[in-house]
Each structure stands twice: as structure tokens, then as C-alpha cells.
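Asker: The structure file input_2.pdb (PDB, C-alpha atoms, pLDDT in the B column) is provided below.
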ATOM      1  CA  MET A   1     140.522  34.047 117.326  1.00 87.00           C
ATOM      2  CA  GLU A   2     142.317  30.687 117.430  1.00 93.00           C
ATOM      3  CA  LEU A   3     139.938  27.732 117.410  1.00 95.00           C
ATOM      4  CA  LEU A   4     142.125  24.701 116.636  1.00 97.00           C
ATOM      5  CA  ASN A   5     145.644  24.039 117.890  1.00 97.00           C
ATOM      6  CA  VAL A   6     147.402  20.865 116.764  1.00 97.00           C
ATOM      7  CA  SER A   7     150.700  20.382 118.587  1.00 97.00           C
ATOM      8  CA  HIS A   8     153.424  17.799 117.781  1.00 97.00           C
ATOM      9  CA  LEU A   9     150.851  15.217 116.724  1.00 97.00           C
ATOM     10  CA  CYS A  10     152.277  11.761 115.936  1.00 97.00           C
ATOM     11  CA  LYS A  11     150.675   8.449 115.064  1.00 97.00           C
ATOM     12  CA  THR A  12     152.568   5.161 114.808  1.00 96.00           C
ATOM     13  CA  TYR A  13     151.118   1.786 113.850  1.00 93.00           C
ATOM     14  CA  GLY A  14     152.771  -1.546 114.591  1.00 90.00           C
ATOM     15  CA  THR A  15     156.147  -2.330 116.150  1.00 87.00           C
ATOM     16  CA  GLY A  16     159.560  -3.516 115.033  1.00 86.00           C
ATOM     17  CA  GLU A  17     159.934  -4.119 111.318  1.00 85.00           C
ATOM     18  CA  SER A  18     156.202  -3.543 110.734  1.00 87.00           C
ATOM     19  CA  ARG A  19     156.293  -0.125 112.427  1.00 90.00           C
ATOM     20  CA  VAL A  20     154.732   2.656 110.318  1.00 91.00           C
ATOM     21  CA  ASN A  21     155.015   6.329 111.244  1.00 92.00           C
ATOM     22  CA  ALA A  22     151.753   7.504 109.682  1.00 94.00           C
ATOM     23  CA  LEU A  23     152.032  11.045 111.059  1.00 96.00           C
ATOM     24  CA  LYS A  24     155.187  12.780 112.247  1.00 96.00           C
ATOM     25  CA  ASP A  25     155.151  15.808 114.556  1.00 95.00           C
ATOM     26  CA  ALA A  26     152.275  17.694 112.884  1.00 96.00           C
ATOM     27  CA  THR A  27     151.831  21.207 114.269  1.00 97.00           C
ATOM     28  CA  PHE A  28     149.499  23.969 113.053  1.00 97.00           C
ATOM     29  CA  THR A  29     146.662  26.232 114.163  1.00 96.00           C
ATOM     30  CA  MET A  30     143.395  27.418 112.614  1.00 96.00           C
ATOM     31  CA  GLN A  31     141.381  30.542 113.288  1.00 94.00           C
ATOM     32  CA  LYS A  32     137.608  30.697 113.735  1.00 93.00           C
ATOM     33  CA  SER A  33     135.754  30.707 110.370  1.00 91.00           C
ATOM     34  CA  GLU A  34     138.909  29.756 108.459  1.00 94.00           C
ATOM     35  CA  PHE A  35     138.657  27.290 105.557  1.00 94.00           C
ATOM     36  CA  ALA A  36     141.784  25.149 105.046  1.00 96.00           C
ATOM     37  CA  ALA A  37     142.473  22.339 102.588  1.00 96.00           C
ATOM     38  CA  ILE A  38     144.827  19.403 103.141  1.00 96.00           C
ATOM     39  CA  VAL A  39     146.442  17.906 100.027  1.00 95.00           C
ATOM     40  CA  GLY A  40     148.819  14.985  99.540  1.00 92.00           C
ATOM     41  CA  GLU A  41     149.199  11.688  97.769  1.00 89.00           C
ATOM     42  CA  SER A  42     147.294   8.559  98.825  1.00 87.00           C
ATOM     43  CA  GLY A  43     148.789   7.047 101.978  1.00 87.00           C
ATOM     44  CA  SER A  44     150.554  10.274 102.933  1.00 90.00           C
ATOM     45  CA  GLY A  45     148.811  10.595 106.320  1.00 92.00           C
ATOM     46  CA  LYS A  46     145.997  13.037 105.446  1.00 93.00           C
ATOM     47  CA  THR A  47     143.140  10.878 106.701  1.00 92.00           C
ATOM     48  CA  THR A  48     145.141   9.879 109.783  1.00 94.00           C
ATOM     49  CA  LEU A  49     145.524  13.572 110.611  1.00 96.00           C
ATOM     50  CA  LEU A  50     141.823  14.261 110.084  1.00 95.00           C
ATOM     51  CA  ASN A  51     140.781  11.272 112.214  1.00 95.00           C
ATOM     52  CA  LEU A  52     143.025  12.418 115.066  1.00 97.00           C
ATOM     53  CA  ILE A  53     141.713  15.987 114.944  1.00 97.00           C
ATOM     54  CA  GLY A  54     138.178  14.597 114.966  1.00 96.00           C
ATOM     55  CA  ALA A  55     138.995  12.287 117.900  1.00 95.00           C
ATOM     56  CA  LEU A  56     138.004   9.240 115.838  1.00 94.00           C
ATOM     57  CA  ASP A  57     141.463   7.840 116.644  1.00 95.00           C
ATOM     58  CA  THR A  58     143.983   8.511 119.423  1.00 95.00           C
ATOM     59  CA  PRO A  59     147.509   9.835 118.794  1.00 96.00           C
ATOM     60  CA  THR A  60     150.725   8.127 119.815  1.00 96.00           C
ATOM     61  CA  SER A  61     151.819  11.517 121.128  1.00 97.00           C
ATOM     62  CA  GLY A  62     150.907  15.157 120.807  1.00 97.00           C
ATOM     63  CA  GLN A  63     147.836  17.245 121.578  1.00 97.00           C
ATOM     64  CA  VAL A  64     144.737  18.629 119.885  1.00 98.00           C
ATOM     65  CA  HIS A  65     143.085  21.664 121.466  1.00 98.00           C
ATOM     66  CA  LEU A  66     139.638  22.693 120.203  1.00 97.00           C
ATOM     67  CA  ASN A  67     138.412  25.994 121.613  1.00 95.00           C
ATOM     68  CA  GLY A  68     140.891  25.547 124.471  1.00 95.00           C
ATOM     69  CA  GLN A  69     139.821  21.973 125.320  1.00 95.00           C
ATOM     70  CA  GLU A  70     142.479  19.260 124.964  1.00 97.00           C
ATOM     71  CA  LEU A  71     140.636  16.332 123.412  1.00 97.00           C
ATOM     72  CA  PHE A  72     142.776  13.472 124.662  1.00 96.00           C
ATOM     73  CA  SER A  73     142.949  14.563 128.289  1.00 96.00           C
ATOM     74  CA  MET A  74     139.194  13.919 128.525  1.00 95.00           C
ATOM     75  CA  PRO A  75     137.736  10.569 129.607  1.00 95.00           C
ATOM     76  CA  GLU A  76     136.522   8.643 126.557  1.00 93.00           C
ATOM     77  CA  GLN A  77     132.800   9.146 127.231  1.00 93.00           C
ATOM     78  CA  GLU A  78     133.267  12.888 127.784  1.00 95.00           C
ATOM     79  CA  ARG A  79     135.333  13.102 124.585  1.00 95.00           C
ATOM     80  CA  THR A  80     132.589  11.313 122.627  1.00 93.00           C
ATOM     81  CA  ILE A  81     129.970  13.816 123.804  1.00 92.00           C
ATOM     82  CA  PHE A  82     132.298  16.759 123.108  1.00 95.00           C
ATOM     83  CA  ARG A  83     132.973  15.450 119.581  1.00 93.00           C
ATOM     84  CA  ARG A  84     129.278  14.931 118.862  1.00 91.00           C
ATOM     85  CA  ARG A  85     128.410  18.465 119.952  1.00 92.00           C
ATOM     86  CA  ASN A  86     131.335  20.385 118.506  1.00 94.00           C
ATOM     87  CA  ILE A  87     132.620  18.593 115.384  1.00 95.00           C
ATOM     88  CA  GLY A  88     130.716  17.942 112.164  1.00 93.00           C
ATOM     89  CA  PHE A  89     131.875  15.250 109.725  1.00 93.00           C
ATOM     90  CA  ILE A  90     131.361  15.065 105.959  1.00 91.00           C
ATOM     91  CA  PHE A  91     132.493  11.884 104.217  1.00 87.00           C
ATOM     92  CA  GLN A  92     133.085  10.999 100.574  1.00 82.00           C
ATOM     93  CA  SER A  93     130.595   8.131 100.820  1.00 84.00           C
ATOM     94  CA  PHE A  94     127.849  10.375 102.337  1.00 87.00           C
ATOM     95  CA  GLN A  95     127.017   7.808 105.101  1.00 90.00           C
ATOM     96  CA  LEU A  96     123.341   8.705 105.196  1.00 94.00           C
ATOM     97  CA  ILE A  97     120.853   6.401 106.918  1.00 96.00           C
ATOM     98  CA  PRO A  98     118.910   4.816 104.032  1.00 96.00           C
ATOM     99  CA  GLU A  99     115.638   4.411 105.966  1.00 97.00           C
ATOM    100  CA  LEU A 100     115.480   8.105 106.949  1.00 97.00           C
ATOM    101  CA  THR A 101     114.276  11.033 104.842  1.00 97.00           C
ATOM    102  CA  VAL A 102     116.451  14.029 103.982  1.00 97.00           C
ATOM    103  CA  GLU A 103     115.048  16.018 106.903  1.00 97.00           C
ATOM    104  CA  GLN A 104     115.400  13.099 109.316  1.00 97.00           C
ATOM    105  CA  ASN A 105     119.011  12.515 108.270  1.00 96.00           C
ATOM    106  CA  ILE A 106     119.817  16.196 108.803  1.00 96.00           C
ATOM    107  CA  ILE A 107     118.333  16.386 112.307  1.00 96.00           C
ATOM    108  CA  PHE A 108     119.656  12.975 113.396  1.00 94.00           C
ATOM    109  CA  PRO A 109     122.695  14.399 115.326  1.00 91.00           C
ATOM    110  CA  LEU A 110     120.322  16.518 117.429  1.00 93.00           C
ATOM    111  CA  LEU A 111     118.139  13.527 118.241  1.00 92.00           C
ATOM    112  CA  LEU A 112     121.222  11.537 119.264  1.00 88.00           C
ATOM    113  CA  ASP A 113     121.981  14.307 121.746  1.00 88.00           C
ATOM    114  CA  TYR A 114     118.360  14.445 122.992  1.00 89.00           C
ATOM    115  CA  GLN A 115     117.874  17.942 121.555  1.00 91.00           C
ATOM    116  CA  LYS A 116     114.701  19.239 119.949  1.00 92.00           C
ATOM    117  CA  PRO A 117     115.238  20.561 116.408  1.00 93.00           C
ATOM    118  CA  ASP A 118     114.303  24.183 115.748  1.00 93.00           C
ATOM    119  CA  PRO A 119     111.832  24.059 112.807  1.00 94.00           C
ATOM    120  CA  LYS A 120     112.859  27.550 111.667  1.00 94.00           C
ATOM    121  CA  LYS A 121     116.535  26.566 111.514  1.00 91.00           C
ATOM    122  CA  VAL A 122     115.738  23.279 109.761  1.00 95.00           C
ATOM    123  CA  ASN A 123     113.688  25.133 107.124  1.00 95.00           C
ATOM    124  CA  GLU A 124     116.438  27.738 106.649  1.00 91.00           C
ATOM    125  CA  LEU A 125     119.072  25.042 106.241  1.00 90.00           C
ATOM    126  CA  LEU A 126     116.969  23.078 103.746  1.00 94.00           C
ATOM    127  CA  GLU A 127     116.541  26.264 101.719  1.00 92.00           C
ATOM    128  CA  VAL A 128     120.271  27.069 101.777  1.00 88.00           C
ATOM    129  CA  LEU A 129     121.017  23.494 100.694  1.00 90.00           C
ATOM    130  CA  GLY A 130     118.433  23.602  97.914  1.00 91.00           C
ATOM    131  CA  LEU A 131     116.638  20.610  99.415  1.00 95.00           C
ATOM    132  CA  THR A 132     113.279  22.064 100.476  1.00 96.00           C
ATOM    133  CA  ASP A 133     111.414  20.065  97.820  1.00 96.00           C
ATOM    134  CA  ARG A 134     113.379  16.915  98.727  1.00 96.00           C
ATOM    135  CA  ARG A 135     112.852  16.987 102.499  1.00 96.00           C
ATOM    136  CA  THR A 136     110.657  13.851 102.528  1.00 97.00           C
ATOM    137  CA  HIS A 137     112.760  11.902  99.996  1.00 97.00           C
ATOM    138  CA  LEU A 138     114.920   8.928 100.961  1.00 97.00           C
ATOM    139  CA  PRO A 139     118.644   8.881 100.036  1.00 96.00           C
ATOM    140  CA  SER A 140     117.943   6.326  97.280  1.00 96.00           C
ATOM    141  CA  GLN A 141     115.709   8.919  95.611  1.00 97.00           C
ATOM    142  CA  LEU A 142     118.444  11.567  95.486  1.00 95.00           C
ATOM    143  CA  SER A 143     121.313  12.340  93.136  1.00 93.00           C
ATOM    144  CA  GLY A 144     124.871  12.134  94.448  1.00 91.00           C
ATOM    145  CA  GLY A 145     125.019  15.908  94.813  1.00 91.00           C
ATOM    146  CA  GLN A 146     121.755  15.980  96.752  1.00 94.00           C
ATOM    147  CA  GLN A 147     122.997  13.217  99.051  1.00 94.00           C
ATOM    148  CA  GLN A 148     126.193  15.157  99.781  1.00 90.00           C
ATOM    149  CA  ARG A 149     124.211  18.349 100.423  1.00 91.00           C
ATOM    150  CA  THR A 150     122.116  16.352 102.893  1.00 95.00           C
ATOM    151  CA  ALA A 151     125.329  15.193 104.577  1.00 93.00           C
ATOM    152  CA  ILE A 152     126.495  18.815 104.779  1.00 91.00           C
ATOM    153  CA  GLY A 153     123.185  19.751 106.394  1.00 92.00           C
ATOM    154  CA  ARG A 154     123.699  16.986 108.952  1.00 93.00           C
ATOM    155  CA  ALA A 155     127.151  18.424 109.732  1.00 91.00           C
ATOM    156  CA  LEU A 156     125.780  21.975 110.064  1.00 89.00           C
ATOM    157  CA  ILE A 157     122.555  21.391 112.000  1.00 91.00           C
ATOM    158  CA  HIS A 158     124.090  21.424 115.484  1.00 89.00           C
ATOM    159  CA  ASN A 159     126.274  24.453 114.690  1.00 88.00           C
ATOM    160  CA  PRO A 160     129.625  22.721 115.333  1.00 92.00           C
ATOM    161  CA  MET A 161     132.779  24.734 115.903  1.00 93.00           C
ATOM    162  CA  LEU A 162     134.725  22.579 113.437  1.00 95.00           C
ATOM    163  CA  ILE A 163     133.706  20.790 110.236  1.00 94.00           C
ATOM    164  CA  LEU A 164     135.970  18.002 108.952  1.00 96.00           C
ATOM    165  CA  ALA A 165     135.408  17.016 105.323  1.00 94.00           C
ATOM    166  CA  ASP A 166     137.156  13.938 103.905  1.00 92.00           C
ATOM    167  CA  GLU A 167     137.131  14.099 100.074  1.00 90.00           C
ATOM    168  CA  PRO A 168     133.589  15.574 100.078  1.00 89.00           C
ATOM    169  CA  THR A 169     133.485  15.833  96.261  1.00 88.00           C
ATOM    170  CA  GLY A 170     135.213  12.517  95.496  1.00 86.00           C
ATOM    171  CA  ASN A 171     132.057  10.812  94.185  1.00 84.00           C
ATOM    172  CA  LEU A 172     130.516  13.838  92.459  1.00 87.00           C
ATOM    173  CA  ASP A 173     130.479  15.326  88.971  1.00 87.00           C
ATOM    174  CA  SER A 174     131.975  18.774  88.364  1.00 89.00           C
ATOM    175  CA  LYS A 175     128.683  20.693  88.759  1.00 89.00           C
ATOM    176  CA  SER A 176     127.803  18.968  92.037  1.00 88.00           C
ATOM    177  CA  SER A 177     131.404  19.426  93.236  1.00 88.00           C
ATOM    178  CA  GLN A 178     131.142  23.170  92.673  1.00 90.00           C
ATOM    179  CA  GLU A 179     127.837  23.314  94.570  1.00 89.00           C
ATOM    180  CA  VAL A 180     129.338  21.415  97.524  1.00 88.00           C
ATOM    181  CA  MET A 181     132.405  23.667  97.631  1.00 91.00           C
ATOM    182  CA  GLU A 182     130.235  26.776  97.571  1.00 90.00           C
ATOM    183  CA  LEU A 183     128.229  25.376 100.483  1.00 87.00           C
ATOM    184  CA  LEU A 184     131.387  24.688 102.506  1.00 89.00           C
ATOM    185  CA  THR A 185     132.630  28.204 101.790  1.00 90.00           C
ATOM    186  CA  HIS A 186     129.222  29.513 102.880  1.00 85.00           C
ATOM    187  CA  ALA A 187     129.498  27.530 106.129  1.00 82.00           C
ATOM    188  CA  ALA A 188     132.847  29.131 106.900  1.00 84.00           C
ATOM    189  CA  HIS A 189     131.998  32.700 105.948  1.00 83.00           C
ATOM    190  CA  HIS A 190     128.265  32.938 106.745  1.00 81.00           C
ATOM    191  CA  TYR A 191     127.876  30.574 109.706  1.00 80.00           C
ATOM    192  CA  ARG A 192     131.438  31.349 110.887  1.00 85.00           C
ATOM    193  CA  GLN A 193     132.363  27.689 111.171  1.00 88.00           C
ATOM    194  CA  THR A 194     135.914  26.436 110.761  1.00 94.00           C
ATOM    195  CA  VAL A 195     136.324  23.974 107.892  1.00 94.00           C
ATOM    196  CA  LEU A 196     139.212  21.554 107.339  1.00 96.00           C
ATOM    197  CA  MET A 197     138.960  19.551 104.114  1.00 95.00           C
ATOM    198  CA  ILE A 198     140.982  16.739 102.550  1.00 94.00           C
ATOM    199  CA  THR A 199     141.058  16.750  98.757  1.00 92.00           C
ATOM    200  CA  HIS A 200     142.982  15.093  95.913  1.00 86.00           C
ATOM    201  CA  ASN A 201     141.657  17.744  93.533  1.00 87.00           C
ATOM    202  CA  LEU A 202     144.149  20.612  93.583  1.00 89.00           C
ATOM    203  CA  GLY A 203     141.675  22.795  91.717  1.00 90.00           C
ATOM    204  CA  LEU A 204     139.403  22.808  94.771  1.00 91.00           C
ATOM    205  CA  THR A 205     142.074  24.446  96.913  1.00 92.00           C
ATOM    206  CA  ALA A 206     141.112  27.736  95.241  1.00 92.00           C
ATOM    207  CA  TYR A 207     138.118  27.806  97.599  1.00 93.00           C
ATOM    208  CA  ALA A 208     140.319  27.546 100.707  1.00 94.00           C
ATOM    209  CA  ASP A 209     141.939  30.345 102.704  1.00 94.00           C
ATOM    210  CA  ARG A 210     144.975  28.137 103.388  1.00 94.00           C
ATOM    211  CA  VAL A 211     146.537  24.970 102.042  1.00 96.00           C
ATOM    212  CA  LEU A 212     148.378  22.323 104.055  1.00 96.00           C
ATOM    213  CA  ARG A 213     150.329  19.488 102.463  1.00 96.00           C
ATOM    214  CA  VAL A 214     150.986  16.076 104.028  1.00 95.00           C
ATOM    215  CA  SER A 215     153.768  13.990 102.484  1.00 94.00           C
ATOM    216  CA  ASP A 216     155.101  10.782 104.024  1.00 93.00           C
ATOM    217  CA  GLY A 217     153.547  11.759 107.350  1.00 94.00           C
ATOM    218  CA  ASN A 218     155.115  15.242 107.368  1.00 95.00           C
ATOM    219  CA  LEU A 219     152.912  18.326 107.437  1.00 95.00           C
ATOM    220  CA  THR A 220     153.848  21.540 105.623  1.00 95.00           C
ATOM    221  CA  ASP A 221     151.790  24.728 105.870  1.00 93.00           C
ATOM    222  CA  LEU A 222     151.749  26.319 102.410  1.00 92.00           C
ATOM    223  CA  GLY A 223     149.825  29.353 103.639  1.00 87.00           C
ATOM    224  CA  GLY A 224     147.497  31.128 101.222  1.00 81.00           C
ATOM    225  CA  ASN A 225     146.592  29.263  98.057  1.00 54.00           C
ATOM    226  CA  HIS A 226     149.282  29.647  95.372  1.00 46.00           C
ATOM    227  CA  ASP A 227     149.230  27.275  92.425  1.00 47.00           C
ATOM    228  CA  GLU A 228     152.998  27.266  92.058  1.00 42.00           C
ATOM    229  CA  LYS A 229     153.360  25.837  95.576  1.00 46.00           C
ATOM    230  CA  LEU A 230     151.184  22.864  94.670  1.00 49.00           C
ATOM    231  CA  SER A 231     152.876  21.973  91.418  1.00 44.00           C
TER     232      SER A 231
END
Would you put the structure from the file into C-alpha cells?

Answerer:
Amino acid sequence: MELLNVSHLCKTYGTGESRVNALKDATFTMQKSEFAAIVGESGSGKTTLLNLIGALDTPTSGQVHLNGQELFSMPEQERTIFRRRNIGFIFQSFQLIPELTVEQNIIFPLLLDYQKPDPKKVNELLEVLGLTDRRTHLPSQLSGGQQQRTAIGRALIHNPMLILADEPTGNLDSKSSQEVMELLTHAAHHYRQTVLMITHNLGLTAYADRVLRVSDGNLTDLGGNHDEKLS
């Protein structure tokens, strides 16, 4: 079942001599519960693509359909609500709220949407994340891996259709990176959520069902993960 459809997506910054074509005619689709990785050099347009798919930025042209809804045909307020309810974000820098505990950070998206957390689901998620004994800790009391697992819990708690992860292991050691990747794979295959991840680490693409490459604003679908395609 197709969940995400990106069609002829373009993003241009500036005009005249300062004009930069950050993304050029990107087109691809993703199926429900698929896990795809986006690779490419710094400044290639990867983050621009992710921000457009997540409706954090608006395209110069093109469309993004999520579960049949075209994001940029919606009024801005409606799009904001749709994004909050249907897209989960995981960032390299964690972006946890320092004054909130692990549990409070995880349930924060529900509270923003005036929803009451399900204690059973919160407990299950804390157990899956290995954070049950850290639920009352503040971010400053956690390791980097524990902070990122908390951020993953925050992205999963409202059961979004799509999870967008921007370099989720960029600040982690190899052991924590492996734990985070296993959790993202679990989200795709157990919770049947669609995951799109940016990474500079080509070794992490082994976890993905598909690999996309962005180079100089151009998107290429490499299909299933094959090391020779990435070299």
C-alpha cells in the first residue's frame, strides 16, 4: 500500500546570480512500513528534501501526498495539525525539553494535541526503548543513546504514519547507533510505520529496505541496498 508520493519536488533559494537549486524534480514513492535511507554528501539537498516531506518548508514546485492528502494544498493551520498528528521527527541533536522527564518528553506531542496518554501504551513503549528505569530522569541525567531513544519514543507515541529521521545516530557511539537503528527497524516492521532516514554513514543503509541518493539536488533511487551502488 502506497503511503508517500513525492512528485516533481523542487526547491529554489534566492534569485539571479545568488539563485540556488537545492532540490531538482525529486520523484519517488514509499510503501507502508517501508524503511528507506537517503545518502549524499553535505549540501547535496538531503535535509531540504526531508524538510519538504515533513512540511517544515514549502516547495517551489511539486507535490507531496501522504496517505492521499496533498500537504501543500492545505491551509497552513490545517497542515500544521496534520503534520503534528501524522509525522514523527527524530533529530541528530535530540531536541528534548530539558525541564521534562523522559516520560514527559515522550508524551509531549499528545499533550500538544490535547490527547490523554494511554498508560498501557506509554509503559509498553518505555519497555521497548529500554527506558523503564529512566522514566523520571531528566535529559541531563541520560547518556546520548538514552536521549535519542527518548526522542524515538516521542516520535512513536502518537503512532504517526511517517517517521522522518535526520542523522539520528550522528552524535552517538557505535553501540548506541546500533541500538537506535534496531529501534527504527522495529518501528517499521512491528508498528508498521514508514521510516525515511538521512545518514552519512553508509554502513547504516544495511538496515534499510531501500536506498535513495541525493547529489547536487538530484534524487536517484538505488532500490534495495547494494554496497557496490554506494561506492

Asker: Which polymer residues, whether protein, DNA or RNA, lie within 10 Å of the coordinate (144.7, 11.9, 114.0) when you count all atoms listed in the file? List them as a list of chain:residue names, using the chain letters and numbers from the file.

Answerer: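 Here is the list of nearby residues: A:Val6, A:Leu9, A:Cys10, A:Lys11, A:Ala22, A:Leu23, A:Ala26, A:Gly45, A:Lys46, A:Thr47, A:Thr48, A:Leu49, A:Leu50, A:Asn51, A:Leu52, A:Ile53, A:Gly54, A:Ala55, A:Leu56, A:Asp57, A:Thr58, A:Pro59, A:Thr60, A:Gly62, A:Gln63, A:Val64.
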
Asker: Care to translate the PyMOL selection byres ((chain A and resi 145) around 10) into actual residues of this file, as number ranges by chain?

Answerer: A: 94, 142-144, 146-151, 169, 171-180

Asker: What does the distance between CA of Asn159 in chain A and CA of Thr80 in chain A come to in Å, to one decimal place?

Answerer: 16.6 Å

Asker: Under the rule that only C-alpha atoms are counted, which of A:Ile87, A:Ala36, A:Ile157, A:Ile97 is the nearest residue to Pro109 in chain A?

Answerer: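 Going through A:Ile87, A:Ala36, A:Ile157, A:Ile97 one by one, the smallest distance to Pro109 in chain A is for A:Ile157.
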
Asker: Tell me, in Å to one decimal, how far CA of Gln193 in chain A is from CA of Glu41 in chain A.

Answerer: 26.8 Å

Asker: Would you list the contacts of Asn201 in chain A as a short mmCIF file (atom, residue, chain, number, x, y, z; two decimals) with C-alpha atoms, keeping the file's coordinate frame, taking every protein, DNA or RNA residue within 9 Å and counting all atoms listed in the file, but skipping same-chain residues closer than 6 positions in sequence?

Answerer:
data_model
loop_
_atom_site.label_atom_id
_atom_site.label_comp_id
_atom_site.auth_asym_id
_atom_site.auth_seq_id
_atom_site.Cartn_x
_atom_site.Cartn_y
_atom_site.Cartn_z
CA VAL A 39 146.44 17.91 100.03
CA GLU A 167 137.13 14.10 100.07
CA THR A 169 133.49 15.83 96.26
CA GLY A 170 135.21 12.52 95.50
#

Asker: Counting all atoms listed in the file, which residue out of A:Leu3, A:Leu164, A:Leu112, A:Ile107 sits closest to Leu126 in chain A?

Answerer: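 Ranked by minimum distance to Leu126 in chain A, first place goes to A:Ile107.
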
Asker: Let me know the residues the PyMOL selection byres ((chain A and resi 37) around 10) catches in the file above, as a list in words.

Answerer: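 This file gives the following for the PyMOL selection byres ((chain A and resi 37) around 10): Phe35, Ala36, Ile38, Val39, Ala165, Val195, Leu196, Met197, Ile198, Thr199, His200, Leu202, Leu204, Thr205, Ala206, Tyr207, Ala208, Asp209, Arg210, Val211, Leu212, Arg213 and Asn225 of chain A.
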
Asker: Do you know which residues are at most 7 Å from Asn5 in chain A counting all atoms listed in the file, after dropping those on the same chain fewer than 3 positions away, and could you put them as a VMD selection string?

Answerer: chain A and resid 28 to 30 64 to 66

Asker: Would you mind telling me which residue in A:Arg85, A:Lys24, A:Arg79, A:His190 lies nearest to Gly217 in chain A when using all atoms listed in the file?

Answerer: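 The shortest atom-to-atom distance to Gly217 in chain A comes from A:Lys24.
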
Asker: Could you check the closest approach to Val102 in chain A for each of A:Leu71, A:Leu138, A:Ile81, A:Leu219 and tell me which residue wins, using all atoms listed in the file?

Answerer: A:Leu138

Asker: With a cut-off of 12 Å, could you pull out the residues of range 181-230 of chain A touching range 127-132 of chain A and give me the nearest pair of atoms for each, distance in Å to one decimal, using all atoms listed in the file, ordered by chain and ascending number, as JSON lines?

Answerer:
{"residue": "A:Met181", "atom": "CA", "partner": "A:Leu129", "partner_atom": "CA", "distance": 11.8}
{"residue": "A:Glu182", "atom": "CA", "partner": "A:Leu129", "partner_atom": "CA", "distance": 10.3}
{"residue": "A:Leu183", "atom": "CA", "partner": "A:Leu129", "partner_atom": "CA", "distance": 7.5}
{"residue": "A:Leu184", "atom": "CA", "partner": "A:Leu129", "partner_atom": "CA", "distance": 10.6}
{"residue": "A:His186", "atom": "CA", "partner": "A:Val128", "partner_atom": "CA", "distance": 9.3}
{"residue": "A:Ala187", "atom": "CA", "partner": "A:Val128", "partner_atom": "CA", "distance": 10.2}
{"residue": "A:His190", "atom": "CA", "partner": "A:Val128", "partner_atom": "CA", "distance": 11.1}
{"residue": "A:Tyr191", "atom": "CA", "partner": "A:Val128", "partner_atom": "CA", "distance": 11.5}

Asker: I'd like to know which of A:Glu34, A:Asp133, A:Glu103, A:Asp166 is closest to Gly88 in chain A, using only C-alpha atoms.

Answerer: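 Between A:Glu34, A:Asp133, A:Glu103, A:Asp166, the residue approaching Gly88 in chain A most closely is A:Asp166.
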
Asker: May I ask for the distance between CA of Val20 in chain A and CA of Ile90 in chain A, given in Å to one decimal place?

Answerer: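 So the answer is 26.8 Å.
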
Asker: Evaluated on this file, the PyMOL selection byres ((chain A and resi 101) around 10) picks out some residues - which ones are they, written as a VMD selection string?

Answerer: chain A and resid 96 to 100 102 to 106 134 to 141 150

Asker: Could you save the residues just selected, with C-alpha atoms, as a short mmCIF file (atom, residue, chain, number, x, y, z; two decimals), keeping the file's coordinate frame?

Answerer:
data_model
loop_
_atom_site.label_atom_id
_atom_site.label_comp_id
_atom_site.auth_asym_id
_atom_site.auth_seq_id
_atom_site.Cartn_x
_atom_site.Cartn_y
_atom_site.Cartn_z
CA LEU A 96 123.34 8.70 105.20
CA ILE A 97 120.85 6.40 106.92
CA PRO A 98 118.91 4.82 104.03
CA GLU A 99 115.64 4.41 105.97
CA LEU A 100 115.48 8.10 106.95
CA VAL A 102 116.45 14.03 103.98
CA GLU A 103 115.05 16.02 106.90
CA GLN A 104 115.40 13.10 109.32
CA ASN A 105 119.01 12.52 108.27
CA ILE A 106 119.82 16.20 108.80
CA ARG A 134 113.38 16.92 98.73
CA ARG A 135 112.85 16.99 102.50
CA THR A 136 110.66 13.85 102.53
CA HIS A 137 112.76 11.90 100.00
CA LEU A 138 114.92 8.93 100.96
CA PRO A 139 118.64 8.88 100.04
CA SER A 140 117.94 6.33 97.28
CA GLN A 141 115.71 8.92 95.61
CA THR A 150 122.12 16.35 102.89
#

Asker: Can you work out which one of A:Ser215, A:Ser33, A:Pro117, A:Arg84 has the shortest atom-to-atom distance to Thr185 in chain A, counting all atoms listed in the file?

Answerer: A:Ser33

Asker: Show me, as AutoDock Vina command-line options, the centre and edge lengths in Å to one decimal of the axis-aligned box that covers every listed atom of range 176-185 of chain A with 5 Å on each side.

Answerer:
--center_x 130.2 --center_y 23.6 --center_z 97.3 --size_x 14.8 --size_y 19.2 --size_z 20.5
